[in-house]
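Coordinates from final_39.cif are shown below (mmCIF, C-alpha atoms).
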data_coords
loop_
_atom_site.label_atom_id
_atom_site.label_comp_id
_atom_site.auth_asym_id
_atom_site.auth_seq_id
_atom_site.Cartn_x
_atom_site.Cartn_y
_atom_site.Cartn_z
CA MET A 1 110.07 52.27 143.65
CA VAL A 2 112.65 54.99 144.32
CA ILE A 3 114.98 53.52 141.68
CA GLN A 4 112.17 53.55 139.09
CA GLU A 5 111.40 57.24 139.83
CA ASP A 6 115.10 58.06 139.49
CA ARG A 7 115.19 56.33 136.09
CA VAL A 8 112.14 58.27 134.92
CA ASN A 9 113.66 61.53 136.11
CA CYS A 10 116.94 60.66 134.45
CA ARG A 11 115.15 59.99 131.13
CA ARG A 12 113.27 63.28 131.42
CA VAL A 13 116.48 65.18 132.04
CA LEU A 14 118.16 63.46 129.08
CA ALA A 15 115.21 64.14 126.78
CA GLY A 16 115.07 67.77 127.95
CA SER A 17 118.79 68.24 127.37
CA LEU A 18 118.58 66.66 123.93
CA PHE A 19 115.68 68.95 123.00
CA ALA A 20 117.56 72.01 124.25
CA VAL A 21 120.68 71.04 122.28
CA LEU A 22 118.62 70.48 119.11
CA CYS A 23 116.84 73.84 119.54
CA SER A 24 120.14 75.67 120.05
CA LEU A 25 121.64 73.95 117.02
CA SER A 26 118.65 74.90 114.86
CA CYS A 27 118.84 78.51 116.06
CA VAL A 28 122.56 78.68 115.28
CA LEU A 29 122.01 77.16 111.83
CA LEU A 30 119.12 79.52 111.05
CA ALA A 31 121.09 82.54 112.26
CA THR A 32 124.07 81.52 110.14
CA ALA A 33 121.85 81.02 107.11
CA ASP A 34 120.26 84.47 107.60
CA ALA A 35 123.62 86.17 107.98
CA ARG A 36 124.78 84.56 104.77
CA GLN A 37 121.75 85.42 102.73
CA SER A 38 120.24 88.60 104.09
CA VAL A 39 121.77 92.09 104.06
CA GLY A 40 120.01 95.39 104.67
CA GLY A 41 116.61 93.72 104.55
CA VAL A 42 117.42 92.14 101.18
CA SER A 43 117.22 88.37 101.07
CA ASP A 44 119.08 85.85 98.96
CA VAL A 45 122.30 87.79 98.52
CA ASP A 46 125.03 86.06 96.58
CA PHE A 47 128.19 87.56 98.03
CA HIS A 48 130.16 86.58 94.95
CA LYS A 49 128.16 89.19 93.05
CA ALA A 50 127.82 91.83 95.73
CA PHE A 51 130.17 94.70 96.45
CA GLY A 52 130.82 97.02 99.37
CA SER A 53 130.20 96.92 103.06
CA LYS A 54 127.38 94.77 104.40
CA THR A 55 126.71 97.47 106.97
CA ALA A 56 126.31 100.22 104.36
CA PRO A 57 123.21 102.39 104.97
CA ILE A 58 121.94 101.88 101.42
CA THR A 59 121.51 98.56 99.65
CA MET A 60 121.05 98.67 95.91
CA GLU A 61 120.08 95.77 93.69
CA VAL A 62 120.71 96.18 89.96
CA PHE A 63 118.76 93.82 87.70
CA SER A 64 120.80 93.62 84.54
CA ASP A 65 121.18 91.78 81.25
CA PHE A 66 124.64 91.51 79.66
CA GLN A 67 123.21 91.78 76.14
CA CYS A 68 121.02 94.83 76.80
CA PRO A 69 122.48 98.08 75.35
CA ALA A 70 120.87 100.21 78.08
CA CYS A 71 122.60 98.04 80.71
CA LYS A 72 125.91 98.67 78.98
CA SER A 73 125.17 102.38 79.06
CA PHE A 74 124.29 102.20 82.76
CA TYR A 75 127.42 100.18 83.49
CA ASN A 76 129.75 102.57 81.65
CA GLY A 77 128.11 105.82 82.66
CA THR A 78 126.78 105.30 86.17
CA ASN A 79 127.90 102.03 87.71
CA ARG A 80 131.61 102.76 87.66
CA GLN A 81 131.26 106.14 89.34
CA LEU A 82 128.87 104.57 91.83
CA MET A 83 131.50 101.93 92.67
CA ASP A 84 134.22 104.54 93.14
CA ASN A 85 132.26 107.09 95.13
CA TYR A 86 129.63 105.15 97.07
CA VAL A 87 130.44 101.43 97.14
CA SER A 88 134.14 101.65 97.96
CA THR A 89 133.44 104.32 100.59
CA GLY A 90 131.00 102.06 102.46
CA LYS A 91 127.85 104.03 101.64
CA ILE A 92 126.23 101.47 99.34
CA PHE A 93 126.09 97.70 99.31
CA LEU A 94 125.64 96.89 95.62
CA ILE A 95 124.13 93.59 94.48
CA HIS A 96 124.24 92.46 90.87
CA ARG A 97 121.14 90.49 89.86
CA ASP A 98 120.77 88.49 86.67
CA PHE A 99 117.73 89.32 84.62
CA PRO A 100 118.39 87.87 81.14
CA LEU A 101 115.60 88.96 78.84
CA PRO A 102 114.20 86.30 76.49
CA VAL A 103 114.44 88.70 73.50
CA HIS A 104 118.23 88.48 73.63
CA ALA A 105 119.68 85.31 72.17
CA TYR A 106 122.83 85.09 74.30
CA SER A 107 121.75 86.83 77.50
CA ARG A 108 121.38 83.65 79.50
CA VAL A 109 124.67 82.21 78.24
CA ALA A 110 126.41 85.44 79.28
CA ALA A 111 124.65 85.34 82.65
CA ARG A 112 125.94 81.78 83.19
CA TYR A 113 129.52 82.84 82.45
CA GLY A 114 129.14 85.91 84.68
CA ARG A 115 127.87 83.79 87.55
CA ALA A 116 130.55 81.14 87.04
CA ALA A 117 133.21 83.85 87.07
CA ALA A 118 131.66 85.25 90.24
CA GLU A 119 132.01 81.87 91.92
CA ILE A 120 135.77 81.89 91.34
CA GLY A 121 136.00 85.55 92.44
CA LYS A 122 136.42 87.03 88.98
CA PHE A 123 133.08 88.72 88.40
CA GLU A 124 134.36 92.27 87.93
CA PRO A 125 136.74 91.66 84.98
CA VAL A 126 134.21 89.35 83.31
CA GLU A 127 131.37 91.86 83.73
CA GLN A 128 133.60 94.55 82.25
CA VAL A 129 134.70 92.51 79.25
CA LEU A 130 131.15 91.33 78.51
CA PHE A 131 129.78 94.88 78.48
CA GLN A 132 132.72 96.36 76.61
CA ASN A 133 132.55 93.76 73.85
CA GLN A 134 128.76 93.45 73.78
CA GLU A 135 128.43 94.36 70.09
CA LYS A 136 130.98 91.70 69.12
CA TRP A 137 129.73 88.65 71.00
CA GLU A 138 126.05 89.41 70.37
CA GLN A 139 126.81 89.04 66.63
CA THR A 140 128.79 85.81 66.93
CA GLY A 141 127.51 84.32 70.18
CA ASP A 142 131.12 83.80 71.26
CA VAL A 143 130.66 84.53 74.96
CA ASP A 144 133.23 81.88 75.88
CA GLY A 145 135.95 83.48 73.74
CA THR A 146 135.17 86.93 75.13
CA VAL A 147 135.42 85.76 78.74
CA ALA A 148 138.57 83.76 77.98
CA GLY A 149 140.25 87.05 77.05
CA VAL A 150 140.39 88.21 80.67
CA LEU A 151 140.87 84.95 82.56
CA SER A 152 143.86 82.65 82.87
CA ALA A 153 143.68 79.15 81.36
CA ASN A 154 143.20 77.65 84.82
CA GLU A 155 140.42 80.09 85.72
CA MET A 156 138.75 79.56 82.37
CA ALA A 157 138.78 75.81 82.90
CA LYS A 158 136.97 76.28 86.22
CA VAL A 159 134.44 78.64 84.63
CA ARG A 160 133.76 76.22 81.78
CA ALA A 161 133.29 73.38 84.23
CA LEU A 162 130.77 75.43 86.22
CA VAL A 163 128.92 76.46 83.05
CA LYS A 164 128.80 72.86 81.83
CA GLY A 165 127.73 71.69 85.28
CA GLY A 166 124.30 73.12 84.58
CA THR A 167 123.71 74.27 88.15
CA LEU A 168 123.93 78.00 87.45
CA ASP A 169 120.49 78.30 85.88
CA THR A 170 118.84 77.72 89.24
CA ALA A 171 120.58 80.78 90.71
CA ILE A 172 119.77 82.87 87.61
CA ASP A 173 116.11 81.83 87.82
CA ARG A 174 116.10 82.77 91.50
CA ASP A 175 117.34 86.27 90.65
CA GLN A 176 114.65 86.56 87.99
CA ALA A 177 111.99 85.45 90.43
CA LEU A 178 113.20 88.09 92.88
CA GLY A 179 112.93 90.67 90.10
CA GLN A 180 109.42 89.60 89.29
CA GLY A 181 108.61 90.09 92.97
CA TYR A 182 109.61 93.74 92.50
CA HIS A 183 107.61 93.88 89.21
CA VAL A 184 110.83 94.22 87.20
CA ASN A 185 110.03 93.90 83.51
CA GLN A 186 112.90 95.81 81.98
CA THR A 187 116.64 96.20 82.34
CA PRO A 188 118.44 97.88 83.90
CA THR A 189 116.19 98.28 86.93
CA SER A 190 117.65 99.42 90.21
CA ILE A 191 115.95 98.72 93.50
CA ILE A 192 117.26 101.01 96.21
CA HIS A 193 116.64 100.01 99.84
CA PHE A 194 117.00 102.50 102.65
CA LYS A 195 115.60 102.31 106.18
CA GLY A 196 112.98 99.74 105.24
CA GLN A 197 111.75 101.69 102.21
CA THR A 198 112.11 100.45 98.65
CA TYR A 199 112.68 102.83 95.73
CA PRO A 200 112.49 101.18 92.29
CA VAL A 201 114.05 103.00 89.33
CA ALA A 202 113.73 101.63 85.80
CA GLY A 203 115.97 102.54 82.91
CA VAL A 204 119.30 104.26 82.51
CA ILE A 205 119.98 106.88 85.16
CA THR A 206 122.56 109.63 84.88
CA TYR A 207 125.13 109.45 87.67
CA ASP A 208 124.63 113.12 88.54
CA ILE A 209 120.88 112.62 89.14
CA LEU A 210 121.36 109.35 91.02
CA LYS A 211 123.99 111.02 93.21
CA GLN A 212 121.50 113.74 94.14
CA PHE A 213 118.97 111.10 95.27
CA LEU A 214 121.54 109.04 97.19
CA ASP A 215 122.86 112.14 98.96
CA GLN A 216 119.31 113.04 99.97
CA LEU A 217 118.84 109.57 101.45
CA LEU A 218 122.17 109.66 103.25
CA SER A 219 121.43 113.10 104.69
CA GLN A 220 118.51 111.52 106.58
CA LYS A 221 120.86 109.51 108.80
CA MET B 1 68.55 131.64 73.56
CA MET B 2 69.86 128.10 73.21
CA GLN B 3 73.29 129.49 72.32
CA SER B 4 73.62 131.34 75.58
CA SER B 5 72.20 128.55 77.75
CA PRO B 6 74.57 127.61 80.60
CA PHE B 7 74.12 123.94 79.65
CA ASN B 8 75.38 123.91 76.07
CA PHE B 9 77.88 121.32 74.81
CA ARG B 10 80.95 123.53 74.98
CA ARG B 11 80.32 124.54 78.56
CA ALA B 12 79.76 120.91 79.49
CA VAL B 13 83.13 120.01 77.96
CA ILE B 14 84.81 122.90 79.79
CA TRP B 15 83.32 121.73 83.09
CA VAL B 16 84.33 118.12 82.50
CA GLY B 17 87.84 119.29 81.55
CA ARG B 18 88.15 121.47 84.63
CA LEU B 19 87.03 118.71 86.97
CA VAL B 20 88.99 115.86 85.34
CA LEU B 21 92.22 117.72 84.61
CA GLY B 22 92.08 119.76 87.80
CA GLY B 23 91.61 116.59 89.88
CA ILE B 24 94.31 114.66 88.03
CA PHE B 25 96.82 117.52 88.25
CA ILE B 26 96.31 117.94 92.00
CA TYR B 27 96.57 114.18 92.57
CA ALA B 28 99.64 113.82 90.32
CA GLY B 29 101.48 116.70 92.02
CA TYR B 30 100.56 115.48 95.51
CA ALA B 31 101.59 111.91 94.66
CA LYS B 32 104.99 113.09 93.44
CA LEU B 33 105.56 115.14 96.58
CA THR B 34 104.59 112.34 98.97
CA MET B 35 105.57 109.30 96.85
CA GLY B 36 102.41 107.65 98.14
CA MET B 37 104.31 106.66 101.29
CA HIS B 38 103.24 106.77 104.91
CA PRO B 39 104.86 108.52 106.65
CA HIS B 40 105.72 110.92 103.84
CA PRO B 41 109.42 110.99 102.97
CA PRO B 42 111.30 114.31 103.26
CA LEU B 43 110.59 116.66 100.35
CA GLY B 44 114.19 116.49 99.14
CA VAL B 45 113.96 112.69 98.82
CA ALA B 46 110.64 112.87 96.96
CA LEU B 47 111.87 115.51 94.50
CA SER B 48 115.19 113.79 93.85
CA PHE B 49 113.36 110.48 93.34
CA PHE B 50 111.06 112.17 90.81
CA ALA B 51 114.22 113.53 89.13
CA LEU B 52 115.27 109.91 88.51
CA GLN B 53 111.98 109.27 86.69
CA VAL B 54 112.39 112.44 84.58
CA ASP B 55 115.99 111.50 83.80
CA SER B 56 114.99 108.05 82.55
CA TYR B 57 113.17 109.71 79.60
CA GLN B 58 116.64 110.77 78.33
CA ILE B 59 115.34 114.05 76.94
CA LEU B 60 116.76 116.75 79.19
CA PRO B 61 120.28 117.55 80.38
CA SER B 62 120.97 117.27 84.13
CA TRP B 63 120.12 120.92 84.89
CA GLY B 64 116.84 120.55 82.94
CA VAL B 65 115.96 117.35 84.80
CA LYS B 66 116.59 119.08 88.14
CA PHE B 67 114.54 122.13 87.11
CA VAL B 68 111.56 120.03 85.98
CA ALA B 69 111.73 117.76 89.04
CA ASN B 70 111.86 120.68 91.45
CA THR B 71 109.05 122.70 89.85
CA LEU B 72 106.60 120.36 88.13
CA PRO B 73 104.95 118.77 91.22
CA PHE B 74 104.21 122.21 92.72
CA ALA B 75 103.04 123.56 89.34
CA GLU B 76 100.70 120.58 88.96
CA VAL B 77 99.05 121.17 92.34
CA GLY B 78 98.78 124.92 91.69
CA LEU B 79 97.39 124.55 88.17
CA GLY B 80 94.94 121.88 89.30
CA LEU B 81 93.59 124.22 91.97
CA LEU B 82 93.40 127.13 89.55
CA LEU B 83 91.47 125.00 87.03
CA LEU B 84 88.96 124.04 89.70
CA ILE B 85 88.63 127.61 91.01
CA GLY B 86 88.29 129.02 87.50
CA TRP B 87 90.09 132.29 88.14
CA ARG B 88 91.80 133.59 84.93
CA PHE B 89 90.71 130.27 83.51
CA ARG B 90 91.87 130.72 79.91
CA ILE B 91 95.44 131.52 80.94
CA TRP B 92 95.78 128.42 83.11
CA ALA B 93 93.87 126.24 80.66
CA THR B 94 96.36 127.25 77.96
CA LEU B 95 99.27 126.41 80.25
CA VAL B 96 97.74 123.04 81.19
CA SER B 97 97.23 122.26 77.47
CA LEU B 98 100.88 123.05 76.73
CA ILE B 99 102.05 120.88 79.63
CA MET B 100 99.75 118.02 78.57
CA LEU B 101 101.02 118.24 74.99
CA GLY B 102 104.57 118.17 76.36
CA PHE B 103 103.80 115.05 78.42
CA PHE B 104 102.17 113.41 75.41
CA ALA B 105 105.14 114.18 73.15
CA ALA B 106 107.58 112.78 75.77
CA VAL B 107 105.54 109.61 76.22
CA VAL B 108 105.13 109.04 72.46
CA ARG B 109 108.85 109.59 71.87
CA SER B 110 109.86 107.18 74.63
CA TYR B 111 107.38 104.56 73.47
CA ALA B 112 108.54 104.89 69.86
CA MET B 113 112.19 104.57 70.95
CA GLY B 114 111.32 101.43 72.88
CA LEU B 115 112.52 102.86 76.19
CA GLN B 116 111.27 100.55 78.88
CA ILE B 117 110.89 102.99 81.71
CA ASN B 118 108.40 103.98 84.33
CA CYS B 119 105.96 106.70 83.38
CA GLY B 120 106.63 108.80 86.49
CA CYS B 121 103.10 110.16 86.17
CA PHE B 122 101.98 109.39 89.72
CA ALA B 123 103.45 107.96 92.92
CA ASN B 124 103.55 104.27 92.00
CA PRO B 125 106.06 103.04 89.45
CA GLU B 126 103.94 102.43 86.36
CA PRO B 127 105.55 100.98 83.22
CA LEU B 128 105.20 103.15 80.14
CA THR B 129 102.93 101.16 77.82
CA ILE B 130 100.57 101.83 74.92
CA LYS B 131 97.87 102.35 77.56
CA THR B 132 99.88 105.26 78.98
CA VAL B 133 100.23 106.72 75.48
CA PHE B 134 96.46 106.55 74.88
CA ARG B 135 95.64 107.93 78.32
CA ASP B 136 97.99 110.89 77.90
CA GLY B 137 96.68 111.45 74.36
CA LEU B 138 93.08 111.58 75.58
CA LEU B 139 93.95 113.96 78.42
CA ALA B 140 95.97 116.20 76.09
CA ALA B 141 93.04 116.26 73.63
CA LEU B 142 90.63 117.10 76.45
CA ALA B 143 92.91 119.95 77.61
CA VAL B 144 93.19 121.40 74.10
CA VAL B 145 89.45 121.13 73.37
CA MET B 146 88.63 122.63 76.78
CA THR B 147 90.95 125.58 76.11
CA ILE B 148 89.60 126.20 72.59
CA PHE B 149 86.01 126.06 73.86
CA ALA B 150 86.91 128.41 76.72
CA PHE B 151 88.17 131.01 74.24
CA MET B 152 85.10 130.52 72.02
CA GLU B 153 82.72 130.90 74.96
CA ALA B 154 84.53 134.03 76.16
CA ARG B 155 83.53 135.81 72.95
CA LYS B 156 79.85 135.31 73.72
CA PRO B 157 77.84 137.15 76.38
CA HIS B 158 77.74 135.43 79.74
CA PRO B 159 74.66 133.20 79.89
CA TRP B 160 73.51 134.72 83.16
CA ALA B 161 74.08 138.34 82.11
CA THR B 162 70.95 140.47 81.56
CA PRO B 163 70.17 141.24 77.87
CA GLU B 164 70.92 144.97 78.41
CA LYS B 165 74.30 144.24 79.96
CA ALA B 166 75.06 141.66 77.34
CA SER B 167 74.25 144.02 74.47
CA SER B 168 76.14 147.00 75.94
#
Could you render the structure as structure tokens?
Amino acid sequence: MVIQEDRVNCRRVLAGSLFAVLCSLSCVLLATADARQSVGGVSDVDFHKAFGSKTAPITMEVFSDFQCPACKSFYNGTNRQLMDNYVSTGKIFLIHRDFPLPVHAYSRVAARYGRAAAEIGKFEPVEQVLFQNQEKWEQTGDVDGTVAGVLSANEMAKVRALVKGGTLDTAIDRDQALGQGYHVNQTPTSIIHFKGQTYPVAGVITYDILKQFLDQLLSQK
Amino acid sequence: MMQSSPFNFRRAVIWVGRLVLGGIFIYAGYAKLTMGMHPHPPLGVALSFFALQVDSYQILPSWGVKFVANTLPFAEVGLGLLLLIGWRFRIWATLVSLIMLGFFAAVVRSYAMGLQINCGCFANPEPLTIKTVFRDGLLAALAVVMTIFAFMEARKPHPWATPEKASS
């Protein structure tokens, strides 16, 4: 009788321990997943296409299309100064989001190459070359040749393999779905997050005017 | 007698204009200053956020954008109140008409250029569409008609004035 009770107790202890271990494991996995995907209240962050400190007070998502002239204007006029003065100084965590518009014939192709380059850690040079040569490749559709100009043969082979792999569209679609969640219907659109508030700004913004807004936000600290 | 009745067509249009435009101006100015958020953000944040909307029209240089962003919301609230109160009505009605025509011109230009931006009219981000163009056109037309009618009515004796006073 006593032996039977001991066995039952032993089973209960084992089952309890197993449950506790499983719970802890799930918690650890969930916490790891959150840390990987969520920054500053923004979910689904692809760190290959994000810049700056994760602990920056401002998080900014830029929904962009490589073939959109306004995005080129934003990139050349505002984005670079933003990177130098706010992202590299730890004030902004900048996330690039793909939002290829269906009116542009090669937007999605360019987005695939951009994302593939991001996965091998070469997003910045590829983004730059795509915007700087936008008028050329949008005439010919030669996105591959444009990207090849800034990558080594080995890197280009990896990028081509990723593009051919056909898995990048899922990530691009996920960015677009996120944009639709913010009612994005144009590019560039910037979504600025600060202290739980969301500030959407559509269109090209002058750096000087954006700086004024960012400084106002940062002065609230 | 019918001409000087307080209920003629022109006066009805003036009253509708005062109520509609006055209400919209107060709401638009208030919405820009508070961004429709609870709790309200600091004024500096609201004005600099509105500056981003003004800037996206790509019409004004930076100093012009800052000037418009820092003055327009207050001017809208003030003008809206003055329209409703009716003090020095023709002066403020003229100013409101000019502002409305300015808005309309900016909206038409941006729409024609294919700029896909937010209107910046109120607190919520509202894409600039053909609906915005029509709405601003109607409001601008109402402001102009209201102002013209106000000047026309001012030339006539006040409907409630006694005949002796009116004739003197």
Assuming the chain letters and numbering stay as they are in my file, what does the PyMOL selection byres ((chain A and resi 126) around 7) actually select? List them as number ranges by chain. A: 114, 117, 122-125, 127-130, 147, 150
Under the PyMOL selection byres ((chain B and resi 90) around 8), which residues of this model are included? Write them out as a short mmCIF file (atom, residue, chain, number, x, y, z; two decimals) with C-alpha atoms, in the frame of the given file.
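File written: part.cif
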data_model
loop_
_atom_site.label_atom_id
_atom_site.label_comp_id
_atom_site.auth_asym_id
_atom_site.auth_seq_id
_atom_site.Cartn_x
_atom_site.Cartn_y
_atom_site.Cartn_z
CA ARG B 88 91.80 133.59 84.93
CA PHE B 89 90.71 130.27 83.51
CA ILE B 91 95.44 131.52 80.94
CA TRP B 92 95.78 128.42 83.11
CA ALA B 93 93.87 126.24 80.66
CA THR B 94 96.36 127.25 77.96
CA THR B 147 90.95 125.58 76.11
CA ALA B 150 86.91 128.41 76.72
CA PHE B 151 88.17 131.01 74.24
#
Suppose a student applies the PyMOL selection byres ((chain A) within 8 of (chain B)) to this structure; what residues should they get, written as a ChimeraX atom specification? /A:186-187,200-206,208-210,212-213,216-217
What's around Ile120 in chain A at 12 Å? Count only C-alpha atoms, leave out sequence neighbours fewer than 6 positions away in its own chain, and write the answer as a PyMOL selection string. chain A and resi 47-49+113-114+126+151-152+154-162
Please return the centre and edge lengths, in Å to one decimal, of a box with edges along x, y and z that contains all listed atoms of range 90-94 of chain A, widened by 5 Å on every side, as JSON.
{"center_x": 128.3, "center_y": 100.5, "center_z": 99.0, "size_x": 15.4, "size_y": 17.1, "size_z": 16.8}
With a distance cut-off of 10 Å and only C-alpha atoms, select the neighbouring residues of Asp46 in chain A, excluding the residue or stretch itself and same-chain residues fewer than 2 positions from it, and output the selection as a PyMOL selection string. chain A and resi 36-38+43-44+48-50+95-97+115+118-119+171+175
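Across A:Val45, A:Phe99, A:Cys68, A:Gly52, the tightest approach to Gln180 in chain A is made by A:Phe99 when counting only C-alpha atoms.
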